[in-house]
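This is data.pdb (PDB, C-alpha atoms and all ligand atoms).
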ATOM      1  CA  MET A  22       0.000   0.000   0.000
ATOM      2  CA  LEU A  23       1.330   3.435  -0.973
ATOM      3  CA  ARG A  24       1.711   5.717   2.080
ATOM      4  CA  ILE A  25       1.208   9.388   1.339
ATOM      5  CA  ALA A  26       1.609  12.477   3.568
ATOM      6  CA  VAL A  27      -0.978  15.234   3.035
ATOM      7  CA  PRO A  28      -0.961  18.667   4.762
ATOM      8  CA  ASN A  29      -3.564  18.721   7.543
ATOM      9  CA  LYS A  30      -3.709  22.523   8.022
ATOM     10  CA  GLY A  31      -2.785  25.853   6.447
ATOM     11  CA  SER A  32      -2.699  27.093   2.857
ATOM     12  CA  LEU A  33      -1.695  23.725   1.403
ATOM     13  CA  SER A  34      -4.325  21.577   3.055
ATOM     14  CA  ALA A  35      -7.603  22.257   1.192
ATOM     15  CA  PRO A  36      -6.126  22.493  -2.332
ATOM     16  CA  ALA A  37      -4.046  19.330  -1.780
ATOM     17  CA  SER A  38      -7.113  17.353  -0.701
ATOM     18  CA  ALA A  39      -9.142  18.809  -3.580
ATOM     19  CA  MET A  40      -6.504  17.695  -6.072
ATOM     20  CA  LEU A  41      -6.364  14.174  -4.602
ATOM     21  CA  HIS A  42     -10.151  13.961  -4.694
ATOM     22  CA  GLU A  43     -10.131  15.055  -8.339
ATOM     23  CA  ALA A  44      -7.569  12.315  -9.011
ATOM     24  CA  GLY A  45     -10.079   9.744  -7.767
ATOM     25  CA  TYR A  46      -8.797   9.186  -4.227
ATOM     26  CA  ARG A  47     -10.945   9.120  -1.108
ATOM     27  CA  GLN A  48     -10.304  12.104   1.148
ATOM     28  CA  ARG A  49     -11.215  12.743   4.762
ATOM     29  CA  LYS A  50     -14.613  14.254   5.548
ATOM     30  CA  GLU A  51     -13.567  16.105   8.676
ATOM     31  CA  SER A  52     -10.355  17.750   9.806
ATOM     32  CA  LYS A  53      -9.888  15.608  12.924
ATOM     33  CA  GLU A  54      -9.296  12.476  10.832
ATOM     34  CA  LEU A  55      -5.518  11.922  10.779
ATOM     35  CA  VAL A  56      -5.219   8.664   8.834
ATOM     36  CA  LEU A  57      -7.425   7.413   6.022
ATOM     37  CA  VAL A  58      -7.192   4.156   4.102
ATOM     38  CA  ASP A  59      -8.421   4.163   0.504
ATOM     39  CA  SER A  60      -8.468   0.423  -0.073
ATOM     40  CA  THR A  61      -9.923   0.682  -3.591
ATOM     41  CA  ASN A  62      -6.813   2.529  -4.688
ATOM     42  CA  ASP A  63      -4.424   0.755  -2.317
ATOM     43  CA  VAL A  64      -3.324   4.029  -0.716
ATOM     44  CA  GLU A  65      -3.082   5.210   2.890
ATOM     45  CA  PHE A  66      -3.159   8.955   3.561
ATOM     46  CA  PHE A  67      -1.532  10.509   6.652
ATOM     47  CA  TYR A  68      -2.669  14.060   7.453
ATOM     48  CA  LEU A  69       0.360  15.782   8.964
ATOM     49  CA  ARG A  70       1.644  19.267   9.677
ATOM     50  CA  PRO A  71       3.022  20.607   6.384
ATOM     51  CA  ARG A  72       6.310  21.472   8.069
ATOM     52  CA  ASP A  73       6.805  17.873   9.243
ATOM     53  CA  ILE A  74       6.053  16.149   5.961
ATOM     54  CA  ALA A  75       9.575  16.258   4.476
ATOM     55  CA  ILE A  76      10.926  14.736   7.693
ATOM     56  CA  TYR A  77       8.520  11.774   7.538
ATOM     57  CA  VAL A  78       9.219  11.233   3.857
ATOM     58  CA  SER A  79      13.002  11.439   4.229
ATOM     59  CA  SER A  80      12.839   8.864   7.036
ATOM     60  CA  GLY A  81      11.366   6.393   4.557
ATOM     61  CA  ARG A  82       8.296   5.739   6.762
ATOM     62  CA  LEU A  83       6.079   7.379   4.155
ATOM     63  CA  ASP A  84       6.593   6.907   0.417
ATOM     64  CA  ILE A  85       5.675  10.363  -0.798
ATOM     65  CA  GLY A  86       4.250  13.630   0.472
ATOM     66  CA  ILE A  87       2.705  16.888  -0.615
ATOM     67  CA  THR A  88       4.301  19.998   0.874
ATOM     68  CA  GLY A  89       5.653  23.436  -0.069
ATOM     69  CA  ARG A  90       9.050  23.767  -1.752
ATOM     70  CA  ASP A  91      10.000  26.370   0.878
ATOM     71  CA  LEU A  92       9.114  23.976   3.723
ATOM     72  CA  LEU A  93      11.086  21.166   2.067
ATOM     73  CA  LEU A  94      14.208  23.335   1.759
ATOM     74  CA  ASP A  95      13.780  24.781   5.236
ATOM     75  CA  SER A  96      13.625  21.311   6.785
ATOM     76  CA  GLY A  97      16.972  20.301   5.297
ATOM     77  CA  ALA A  98      15.504  16.791   5.039
ATOM     78  CA  SER A  99      16.876  14.348   2.501
ATOM     79  CA  ALA A 100      13.866  14.508   0.182
ATOM     80  CA  GLU A 101      13.395  15.847  -3.339
ATOM     81  CA  GLU A 102      10.690  17.327  -5.546
ATOM     82  CA  ILE A 103       9.247  14.989  -8.147
ATOM     83  CA  LEU A 104       6.212  16.980  -9.345
ATOM     84  CA  GLN A 105       5.122  20.646  -9.194
ATOM     85  CA  LEU A 106       1.449  21.078  -8.376
ATOM     86  CA  GLY A 107       0.882  24.756  -9.231
ATOM     87  CA  PHE A 108      -1.010  25.850  -6.098
ATOM     88  CA  ALA A 109       0.114  27.693  -2.922
ATOM     89  CA  ARG A 110       2.455  29.744  -5.086
ATOM     90  CA  SER A 111       4.455  32.296  -3.140
ATOM     91  CA  THR A 112       7.732  34.170  -3.077
ATOM     92  CA  PHE A 113      10.035  34.211  -0.086
ATOM     93  CA  ARG A 114      11.466  37.671   0.585
ATOM     94  CA  TYR A 115      13.214  39.989   2.995
ATOM     95  CA  ALA A 116      11.175  42.982   4.157
ATOM     96  CA  ALA A 117      11.672  45.886   6.518
ATOM     97  CA  ARG A 118      10.580  49.460   7.162
ATOM     98  CA  PRO A 119      11.416  51.665   4.149
ATOM     99  CA  GLY A 120      15.047  52.795   4.199
ATOM    100  CA  THR A 121      16.362  49.914   6.325
ATOM    101  CA  ALA A 122      18.261  48.069   3.587
ATOM    102  CA  THR A 123      18.352  47.525  -0.178
ATOM    103  CA  ALA A 124      20.115  44.135  -0.353
ATOM    104  CA  VAL A 125      21.010  41.123   1.774
ATOM    105  CA  GLU A 126      24.644  42.297   1.885
ATOM    106  CA  GLU A 127      23.550  45.213   4.111
ATOM    107  CA  LEU A 128      22.107  43.006   6.855
ATOM    108  CA  GLY A 129      25.370  42.440   8.796
ATOM    109  CA  GLY A 130      24.806  43.010  12.529
ATOM    110  CA  MET A 131      21.000  43.133  12.173
ATOM    111  CA  THR A 132      18.373  40.679  13.461
ATOM    112  CA  VAL A 133      16.113  38.853  11.007
ATOM    113  CA  ALA A 134      12.848  37.287  12.248
ATOM    114  CA  THR A 135      11.428  34.360  10.299
ATOM    115  CA  SER A 136       9.560  31.048  10.484
ATOM    116  CA  TYR A 137      12.013  29.649   7.924
ATOM    117  CA  GLU A 138      15.247  29.684   9.871
ATOM    118  CA  GLY A 139      16.937  27.041   7.713
ATOM    119  CA  VAL A 140      16.359  28.933   4.474
ATOM    120  CA  VAL A 141      17.365  32.301   5.923
ATOM    121  CA  ALA A 142      20.497  31.125   7.766
ATOM    122  CA  LYS A 143      21.724  29.430   4.572
ATOM    123  CA  HIS A 144      20.962  32.492   2.427
ATOM    124  CA  LEU A 145      22.837  34.791   4.811
ATOM    125  CA  ALA A 146      25.788  32.399   4.998
ATOM    126  CA  ASP A 147      25.875  32.034   1.196
ATOM    127  CA  HIS A 148      26.205  35.826   0.978
ATOM    128  CA  GLY A 149      28.803  35.992   3.736
ATOM    129  CA  VAL A 150      26.489  38.064   5.951
ATOM    130  CA  ASP A 151      26.752  37.812   9.723
ATOM    131  CA  ALA A 152      23.228  38.541  11.002
ATOM    132  CA  ALA A 153      21.234  37.071  13.874
ATOM    133  CA  VAL A 154      18.163  34.978  13.041
ATOM    134  CA  VAL A 155      15.191  34.840  15.420
ATOM    135  CA  HIS A 156      12.696  32.035  14.927
ATOM    136  CA  LEU A 157       8.993  32.927  15.188
ATOM    137  CA  ASP A 158       6.076  30.629  14.453
ATOM    138  CA  GLY A 159       3.974  33.103  12.456
ATOM    139  CA  ALA A 160       2.636  36.662  12.186
ATOM    140  CA  VAL A 161       6.279  37.537  11.619
ATOM    141  CA  GLU A 162       5.383  40.963  10.168
ATOM    142  CA  THR A 163       4.649  42.253  13.681
ATOM    143  CA  ALA A 164       8.161  41.435  14.935
ATOM    144  CA  ILE A 165       9.490  44.750  13.647
ATOM    145  CA  GLN A 166       6.824  46.906  15.316
ATOM    146  CA  LEU A 167       7.480  45.061  18.579
ATOM    147  CA  GLY A 168      11.235  45.563  18.286
ATOM    148  CA  VAL A 169      12.226  41.894  18.109
ATOM    149  CA  ALA A 170      13.952  42.360  14.741
ATOM    150  CA  GLN A 171      14.803  45.068  12.173
ATOM    151  CA  VAL A 172      14.171  42.755   9.242
ATOM    152  CA  ILE A 173      11.834  39.844   8.489
ATOM    153  CA  ALA A 174      12.018  37.094   5.898
ATOM    154  CA  ASP A 175       8.609  35.660   5.029
ATOM    155  CA  VAL A 176       6.229  34.213   2.501
ATOM    156  CA  VAL A 177       4.713  36.903   0.261
ATOM    157  CA  GLU A 178       1.754  36.278  -1.977
ATOM    158  CA  THR A 179      -0.344  39.397  -2.563
ATOM    159  CA  GLY A 180       1.839  41.606  -0.329
ATOM    160  CA  THR A 181      -1.181  42.645   1.770
ATOM    161  CA  SER A 182       0.317  41.471   5.065
ATOM    162  CA  LEU A 183       3.472  43.510   4.448
ATOM    163  CA  ARG A 184       1.564  46.651   3.415
ATOM    164  CA  ASN A 185      -0.646  46.401   6.491
ATOM    165  CA  ALA A 186       2.467  46.291   8.671
ATOM    166  CA  GLY A 187       4.083  49.260   6.847
ATOM    167  CA  LEU A 188       6.888  47.095   5.478
ATOM    168  CA  GLU A 189       8.520  46.862   2.034
ATOM    169  CA  THR A 190      10.386  44.018   0.388
ATOM    170  CA  PHE A 191      13.988  44.590  -0.612
ATOM    171  CA  GLY A 192      16.706  42.659  -2.423
ATOM    172  CA  GLU A 193      16.315  39.587  -4.604
ATOM    173  CA  PRO A 194      13.709  36.978  -3.601
ATOM    174  CA  LEU A 195      15.244  34.074  -1.684
ATOM    175  CA  MET A 196      13.058  31.629  -3.625
ATOM    176  CA  GLU A 197       9.814  30.943  -5.442
ATOM    177  CA  SER A 198       7.630  28.291  -3.870
ATOM    178  CA  GLU A 199       4.595  26.176  -4.745
ATOM    179  CA  ALA A 200       3.098  22.893  -3.612
ATOM    180  CA  VAL A 201       5.195  19.933  -4.699
ATOM    181  CA  VAL A 202       5.183  16.147  -4.426
ATOM    182  CA  ILE A 203       8.313  14.924  -2.666
ATOM    183  CA  ARG A 204      10.086  11.591  -2.297
ATOM    184  CA  ARG A 205      13.046  10.383  -0.255
ATOM    185  CA  VAL A 206      16.395  10.977  -1.993
ATOM    186  CA  GLY A 207      17.544   7.612  -3.270
ATOM    187  CA  ALA A 208      14.048   6.064  -3.375
ATOM    188  CA  ASP A 209      13.327   3.624  -6.208
ATOM    189  CA  ALA A 210      12.590   5.884  -9.187
ATOM    190  CA  ASP A 211      10.707   3.121 -10.992
ATOM    191  CA  ASP A 212       8.256   2.236  -8.223
ATOM    192  CA  HIS A 213       5.105   1.324 -10.130
ATOM    193  CA  LYS A 214       2.681   2.621  -7.474
ATOM    194  CA  VAL A 215       4.445   5.975  -7.208
ATOM    195  CA  ARG A 216       4.465   6.395 -10.976
ATOM    196  CA  GLN A 217       0.767   5.592 -11.171
ATOM    197  CA  PHE A 218       0.026   8.139  -8.427
ATOM    198  CA  LEU A 219       2.040  10.812 -10.276
ATOM    199  CA  ARG A 220       0.248  10.027 -13.550
ATOM    200  CA  ARG A 221      -3.079  10.608 -11.814
ATOM    201  CA  LEU A 222      -1.988  13.996 -10.473
ATOM    202  CA  GLN A 223      -0.526  14.944 -13.849
ATOM    203  CA  GLY A 224      -3.916  14.039 -15.308
ATOM    204  CA  VAL A 225      -5.576  16.517 -12.948
ATOM    205  CA  LEU A 226      -3.089  19.228 -13.939
ATOM    206  CA  VAL A 227      -3.835  18.618 -17.628
ATOM    207  CA  ALA A 228      -7.599  18.590 -17.023
ATOM    208  CA  ARG A 229      -7.289  21.919 -15.191
ATOM    209  CA  ARG A 230      -4.999  23.618 -17.706
ATOM    210  CA  TYR A 231      -6.356  22.452 -21.051
ATOM    211  CA  VAL A 232      -9.604  22.306 -22.968
ATOM    212  CA  MET A 233     -10.414  20.183 -26.004
ATOM    213  CA  MET A 234     -10.981  22.266 -29.148
ATOM    214  CA  ASP A 235     -12.888  21.072 -32.220
ATOM    215  CA  TYR A 236     -13.418  22.963 -35.452
ATOM    216  CA  ASP A 237     -14.101  22.527 -39.154
ATOM    217  CA  ILE A 238     -11.820  24.130 -41.737
ATOM    218  CA  ARG A 239     -11.141  24.079 -45.460
ATOM    219  CA  VAL A 240      -8.366  21.666 -46.431
ATOM    220  CA  GLU A 241      -6.203  24.486 -47.883
ATOM    221  CA  GLN A 242      -6.068  26.160 -44.468
ATOM    222  CA  VAL A 243      -5.309  23.085 -42.360
ATOM    223  CA  GLU A 244      -1.592  23.731 -42.009
ATOM    224  CA  LYS A 245      -2.119  27.285 -40.778
ATOM    225  CA  ALA A 246      -4.868  26.172 -38.415
ATOM    226  CA  VAL A 247      -2.840  23.317 -37.015
ATOM    227  CA  ALA A 248       0.019  25.740 -36.348
ATOM    228  CA  LEU A 249      -2.405  27.558 -34.008
ATOM    229  CA  THR A 250      -3.556  24.320 -32.351
ATOM    230  CA  PRO A 251      -0.562  21.959 -32.397
ATOM    231  CA  GLY A 252      -2.016  19.908 -29.524
ATOM    232  CA  LEU A 253       0.221  18.147 -27.037
ATOM    233  CA  GLU A 254       1.553  15.699 -29.603
ATOM    234  CA  SER A 255      -0.322  16.095 -32.856
ATOM    235  CA  PRO A 256      -3.913  17.137 -33.618
ATOM    236  CA  THR A 257      -6.441  14.690 -35.053
ATOM    237  CA  VAL A 258      -7.570  15.673 -38.564
ATOM    238  CA  SER A 259     -10.612  13.771 -39.897
ATOM    239  CA  PRO A 260     -12.373  13.995 -43.258
ATOM    240  CA  LEU A 261     -15.815  15.611 -43.372
ATOM    241  CA  HIS A 262     -18.696  14.507 -45.609
ATOM    242  CA  HIS A 263     -18.711  18.039 -47.030
ATOM    243  CA  GLU A 264     -15.906  17.832 -49.624
ATOM    244  CA  GLY A 265     -12.910  20.119 -49.212
ATOM    245  CA  TRP A 266     -13.416  20.405 -45.448
ATOM    246  CA  VAL A 267     -11.844  18.592 -42.498
ATOM    247  CA  ALA A 268     -12.549  18.446 -38.776
ATOM    248  CA  VAL A 269      -9.663  19.141 -36.398
ATOM    249  CA  ARG A 270      -9.448  18.177 -32.717
ATOM    250  CA  ALA A 271      -6.635  19.278 -30.398
ATOM    251  CA  MET A 272      -5.978  20.183 -26.776
ATOM    252  CA  VAL A 273      -5.243  23.872 -26.166
ATOM    253  CA  PRO A 274      -4.292  25.751 -22.988
ATOM    254  CA  THR A 275      -7.461  27.099 -21.361
ATOM    255  CA  ALA A 276      -5.806  30.493 -20.916
ATOM    256  CA  ASP A 277      -5.303  30.855 -24.711
ATOM    257  CA  ALA A 278      -8.582  29.312 -25.860
ATOM    258  CA  GLN A 279     -10.531  32.507 -26.668
ATOM    259  CA  ARG A 280      -7.643  34.104 -28.577
ATOM    260  CA  ILE A 281      -7.096  30.902 -30.580
ATOM    261  CA  MET A 282     -10.833  30.704 -31.394
ATOM    262  CA  ASP A 283     -10.711  34.276 -32.748
ATOM    263  CA  GLU A 284      -7.668  33.488 -34.887
ATOM    264  CA  LEU A 285      -9.183  30.243 -36.195
ATOM    265  CA  TYR A 286     -12.363  32.103 -37.135
ATOM    266  CA  GLU A 287     -10.313  34.668 -39.075
ATOM    267  CA  LEU A 288      -8.679  31.765 -40.944
ATOM    268  CA  GLY A 289     -12.121  30.534 -41.993
ATOM    269  CA  ALA A 290     -12.686  27.846 -39.357
ATOM    270  CA  ARG A 291     -16.311  27.347 -38.312
ATOM    271  CA  ALA A 292     -18.190  25.334 -35.680
ATOM    272  CA  ILE A 293     -15.339  26.053 -33.257
ATOM    273  CA  LEU A 294     -16.136  24.405 -29.939
ATOM    274  CA  THR A 295     -14.256  23.929 -26.703
ATOM    275  CA  THR A 296     -15.128  21.319 -24.102
ATOM    276  CA  GLY A 297     -13.704  20.780 -20.646
ATOM    277  CA  ILE A 298     -11.481  17.794 -19.933
ATOM    278  CA  HIS A 299     -12.661  15.764 -16.973
ATOM    279  CA  ALA A 300      -9.656  13.529 -16.450
ATOM    280  CA  ALA A 301      -6.574  12.617 -18.466
ATOM    281  CA  ARG A 302      -3.634  10.234 -18.768
ATOM    282  CA  LEU A 303      -0.953  11.364 -21.139
TER     283      LEU A 303
HETATM  284  N1  LIG B 401      -0.642  33.539   1.640
HETATM  285  C1  LIG B 401      -0.122  32.476   1.056
HETATM  286  N2  LIG B 401      -0.266  32.284  -0.269
HETATM  287  C2  LIG B 401       0.270  31.211  -0.887
HETATM  288  N3  LIG B 401       0.989  30.281  -0.255
HETATM  289  C3  LIG B 401       1.156  30.441   1.051
HETATM  290  C4  LIG B 401       0.616  31.526   1.780
HETATM  291  N4  LIG B 401       0.961  31.397   3.069
HETATM  292  C5  LIG B 401       1.659  30.279   3.144
HETATM  293  N5  LIG B 401       1.786  29.697   1.947
HETATM  294  C6  LIG B 401       2.486  28.469   1.629
HETATM  295  O1  LIG B 401       1.953  27.466   2.474
HETATM  296  C7  LIG B 401       2.997  26.687   3.009
HETATM  297  C8  LIG B 401       3.030  26.885   4.495
HETATM  298  O2  LIG B 401       1.993  26.197   5.025
HETATM  299  P1  LIG B 401       1.765  26.301   6.594
HETATM  300  O3  LIG B 401       0.564  25.509   6.874
HETATM  301  O4  LIG B 401       3.017  26.055   7.329
HETATM  302  O5  LIG B 401       1.534  27.822   6.782
HETATM  303  P2  LIG B 401       0.245  28.669   6.514
HETATM  304  O6  LIG B 401      -0.405  28.301   5.246
HETATM  305  O7  LIG B 401       0.740  30.032   6.652
HETATM  306  O8  LIG B 401      -0.701  28.217   7.697
HETATM  307  P3  LIG B 401      -0.665  28.656   9.223
HETATM  308  O9  LIG B 401      -1.889  29.463   9.365
HETATM  309  O10 LIG B 401      -0.714  27.365   9.962
HETATM  310  O11 LIG B 401       0.592  29.432   9.425
HETATM  311  C9  LIG B 401       4.292  27.180   2.392
HETATM  312  O12 LIG B 401       4.626  26.376   1.287
HETATM  313  C10 LIG B 401       3.949  28.576   1.968
HETATM  314  O13 LIG B 401       4.712  29.021   0.853
HETATM  315  O1  LIG B 402       1.291  38.430   0.804
HETATM  316  P1  LIG B 402       0.037  37.942   1.455
HETATM  317  O2  LIG B 402      -1.046  37.632   0.473
HETATM  318  O3  LIG B 402      -0.405  38.835   2.560
HETATM  319  O4  LIG B 402       0.349  36.497   2.082
HETATM  320  C1  LIG B 402       1.483  36.265   2.877
HETATM  321  C2  LIG B 402       1.130  36.000   4.290
HETATM  322  O5  LIG B 402       0.389  34.775   4.387
HETATM  323  C3  LIG B 402       1.011  33.918   5.346
HETATM  324  O6  LIG B 402       0.572  34.205   6.616
HETATM  325  P2  LIG B 402      -0.623  33.478   7.373
HETATM  326  O7  LIG B 402      -1.903  34.179   7.106
HETATM  327  O8  LIG B 402      -0.594  32.035   7.077
HETATM  328  O9  LIG B 402      -0.245  33.718   8.874
HETATM  329  P3  LIG B 402       1.086  33.281   9.646
HETATM  330  O10 LIG B 402       2.040  34.407   9.487
HETATM  331  O11 LIG B 402       0.632  33.098  11.044
HETATM  332  O12 LIG B 402       1.582  32.030   9.010
HETATM  333  C4  LIG B 402       2.472  34.329   5.259
HETATM  334  O13 LIG B 402       3.172  33.952   6.419
HETATM  335  C5  LIG B 402       2.394  35.826   5.112
HETATM  336  O14 LIG B 402       2.260  36.466   6.343
HETATM  337 MG    MG B 403       1.355  30.941   7.840
END
Structure re-expressed in structure tokens:
Amino acid sequence: MLRIAVPNKGSLSAPASAMLHEAGYRQRKESKELVLVDSTNDVEFFYLRPRDIAIYVSSGRLDIGITGRDLLLDSGASAEEILQLGFARSTFRYAARPGTATAVEELGGMTVATSYEGVVAKHLADHGVDAAVVHLDGAVETAIQLGVAQVIADVVETGTSLRNAGLETFGEPLMESEAVVIRRVGADADDHKVRQFLRRLQGVLVARRYVMMDYDIRVEQVEKAVALTPGLESPTVSPLHHEGWVAVRAMVPTADAQRIMDELYELGARAILTTGIHAARL
């Protein structure tokens, strides 16, 4: 049975469970459930604190886990990313009151408050900066107002939390993060169950990012049309009863669908339809 760690709280929890549900796995009905067996799919889910997941996975007790890239790096655990999931996207940045600093190199002698001590200590050391790091569990933005630190390093998404605290980011971002699937370094890369699990999640990503597009077009224009809708591998082109016309079917990114429909129409395509993809295996 495949043993999988899933975040039980925080920004990663709901979207991770939603993605697993979409991939056909049973998910817990209430947040107090900590272990759930999905016997149909031969999988056991462990709902754990997102920060602890890389530690469980690196120990080999759990086969794979879903966590944030920033939490994985911060843990220093011997685990690696094997799939990017595209949600809980954030940037990790230094911030302070305006005028405090413009780059990490200026932080010597200062105190930096953060919940990501591992990431920050490494970043400072990599830049040869001797600064103190204070670990706080959350609401790090308030540390400056309360005089615990001059600088913070924290997750930034919309920037609202920083603005509300009168702080500004400075310097280069320390990293970009998103939810990822992780596995122990050195784990069997060909494990059939792991590969099947990843294919299911990849199917969800495809279903979310693409639509199926169908249209009819005159034979003379097929090459130009197909250049607009190359599909993932190659579009299907089928003959139509109406001579001189063909039907084309290809997957296109949802974000580009309306623009592509306009361009196909200009080329003479008609009966241009898009339909959602429910599930996929590529
Ligand atoms: N506002 C946010 N937008 C996007 N991702 C976020 C946001 N806040 C945290 N994350 C991401 O969520 C993960 C952290 O999850 P964690 O549960 O530890 O913190 P949290 O979501 O802030 O919840 P908590 O309320 O328990 O602090 C990290 O990968 C982080 O990048
Ligand atoms: O740029 P924003 O859109 O404001 O998002 C970033 C904020 O969200 C998270 O905080 P959270 O609400 O989880 O509280 P925490 O600090 O207690 O973790 C993170 O720690 C930042 O404070
Ligand atoms: Mg938080």
Starting from the PyMOL selection byres (((not hetatm)) within 9 of (chain B and resi 401)), expand the selection into actual residues of this file and give them as a PyMOL selection string. chain A and resi 28-34+70-72+88-93+108-113+136+158-160+175-180+182+197-201
Kindly export the residues of the current selection with C-alpha atoms, as a PDB file, in the coordinates of the input.
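Saved result, selection.pdb, follows:
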ATOM      1  CA  PRO A  28      -0.961  18.667   4.762  1.00  0.00           C
ATOM      2  CA  ASN A  29      -3.564  18.721   7.543  1.00  0.00           C
ATOM      3  CA  LYS A  30      -3.709  22.523   8.022  1.00  0.00           C
ATOM      4  CA  GLY A  31      -2.785  25.853   6.447  1.00  0.00           C
ATOM      5  CA  SER A  32      -2.699  27.093   2.857  1.00  0.00           C
ATOM      6  CA  LEU A  33      -1.695  23.725   1.403  1.00  0.00           C
ATOM      7  CA  SER A  34      -4.325  21.577   3.055  1.00  0.00           C
ATOM      8  CA  ARG A  70       1.644  19.267   9.677  1.00  0.00           C
ATOM      9  CA  PRO A  71       3.022  20.607   6.384  1.00  0.00           C
ATOM     10  CA  ARG A  72       6.310  21.472   8.069  1.00  0.00           C
ATOM     11  CA  THR A  88       4.301  19.998   0.874  1.00  0.00           C
ATOM     12  CA  GLY A  89       5.653  23.436  -0.069  1.00  0.00           C
ATOM     13  CA  ARG A  90       9.050  23.767  -1.752  1.00  0.00           C
ATOM     14  CA  ASP A  91      10.000  26.370   0.878  1.00  0.00           C
ATOM     15  CA  LEU A  92       9.114  23.976   3.723  1.00  0.00           C
ATOM     16  CA  LEU A  93      11.086  21.166   2.067  1.00  0.00           C
ATOM     17  CA  PHE A 108      -1.010  25.850  -6.098  1.00  0.00           C
ATOM     18  CA  ALA A 109       0.114  27.693  -2.922  1.00  0.00           C
ATOM     19  CA  ARG A 110       2.455  29.744  -5.086  1.00  0.00           C
ATOM     20  CA  SER A 111       4.455  32.296  -3.140  1.00  0.00           C
ATOM     21  CA  THR A 112       7.732  34.170  -3.077  1.00  0.00           C
ATOM     22  CA  PHE A 113      10.035  34.211  -0.086  1.00  0.00           C
ATOM     23  CA  SER A 136       9.560  31.048  10.484  1.00  0.00           C
ATOM     24  CA  ASP A 158       6.076  30.629  14.453  1.00  0.00           C
ATOM     25  CA  GLY A 159       3.974  33.103  12.456  1.00  0.00           C
ATOM     26  CA  ALA A 160       2.636  36.662  12.186  1.00  0.00           C
ATOM     27  CA  ASP A 175       8.609  35.660   5.029  1.00  0.00           C
ATOM     28  CA  VAL A 176       6.229  34.213   2.501  1.00  0.00           C
ATOM     29  CA  VAL A 177       4.713  36.903   0.261  1.00  0.00           C
ATOM     30  CA  GLU A 178       1.754  36.278  -1.977  1.00  0.00           C
ATOM     31  CA  THR A 179      -0.344  39.397  -2.563  1.00  0.00           C
ATOM     32  CA  GLY A 180       1.839  41.606  -0.329  1.00  0.00           C
ATOM     33  CA  SER A 182       0.317  41.471   5.065  1.00  0.00           C
ATOM     34  CA  GLU A 197       9.814  30.943  -5.442  1.00  0.00           C
ATOM     35  CA  SER A 198       7.630  28.291  -3.870  1.00  0.00           C
ATOM     36  CA  GLU A 199       4.595  26.176  -4.745  1.00  0.00           C
ATOM     37  CA  ALA A 200       3.098  22.893  -3.612  1.00  0.00           C
ATOM     38  CA  VAL A 201       5.195  19.933  -4.699  1.00  0.00           C
TER      39      VAL A 201
END
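Evaluated against the shown file, the PyMOL selection byres (((chain A and resi 228) around 8) and not hetatm) gives Gly224, Val225, Leu226, Val227, Arg229, Arg230, Tyr231, Val232, Gly297, Ile298, His299, Ala300 and Ala301 of chain A.
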If the PyMOL selection byres (((chain A and resi 271) around 6) and not hetatm) were run on this exact file, what residues would it hold? Put them as a list of chain:residue names. A:Met233, A:Met234, A:Gly252, A:Pro256, A:Arg270, A:Met272
Atom pair CA of Asp147 (chain A) / atom O9 of ligand LIG 402 (chain B): separation (Å): 27.3 Å
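Straight-line separation from CA of Leu57 (chain A) to CA of Asp212 (chain A): 21.8 Å.
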Filled-in N, CA and C atoms of region 247-256 of chain A, supplied as an mmCIF file, in the frame of the given file:
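Output (selection30.cif):
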data_model
loop_
_atom_site.group_PDB
_atom_site.id
_atom_site.type_symbol
_atom_site.label_atom_id
_atom_site.label_comp_id
_atom_site.auth_asym_id
_atom_site.auth_seq_id
_atom_site.Cartn_x
_atom_site.Cartn_y
_atom_site.Cartn_z
ATOM 1 N N VAL A 247 -3.526 24.251 -37.908
ATOM 2 C CA VAL A 247 -2.840 23.317 -37.015
ATOM 3 C C VAL A 247 -1.647 23.992 -36.318
ATOM 4 N N ALA A 248 -1.070 24.998 -36.999
ATOM 5 C CA ALA A 248 0.019 25.740 -36.348
ATOM 6 C C ALA A 248 -0.518 26.485 -35.120
ATOM 7 N N LEU A 249 -1.804 26.873 -35.168
ATOM 8 C CA LEU A 249 -2.405 27.558 -34.008
ATOM 9 C C LEU A 249 -2.798 26.577 -32.915
ATOM 10 N N THR A 250 -3.113 25.340 -33.318
ATOM 11 C CA THR A 250 -3.556 24.320 -32.351
ATOM 12 C C THR A 250 -2.723 23.057 -32.528
ATOM 13 N N PRO A 251 -1.430 23.128 -32.172
ATOM 14 C CA PRO A 251 -0.562 21.959 -32.397
ATOM 15 C C PRO A 251 -0.877 20.774 -31.480
ATOM 16 N N GLY A 252 -1.699 20.998 -30.454
ATOM 17 C CA GLY A 252 -2.016 19.908 -29.524
ATOM 18 C C GLY A 252 -0.800 19.549 -28.694
ATOM 19 N N LEU A 253 -0.923 18.531 -27.870
ATOM 20 C CA LEU A 253 0.221 18.147 -27.037
ATOM 21 C C LEU A 253 1.195 17.314 -27.850
ATOM 22 N N GLU A 254 0.668 16.463 -28.715
ATOM 23 C CA GLU A 254 1.553 15.699 -29.603
ATOM 24 C C GLU A 254 1.256 16.073 -31.043
ATOM 25 N N SER A 255 0.055 15.744 -31.496
ATOM 26 C CA SER A 255 -0.322 16.095 -32.856
ATOM 27 C C SER A 255 -1.843 16.091 -32.932
ATOM 28 N N PRO A 256 -2.452 17.099 -33.579
ATOM 29 C CA PRO A 256 -3.913 17.137 -33.618
ATOM 30 C C PRO A 256 -4.493 16.042 -34.509
#
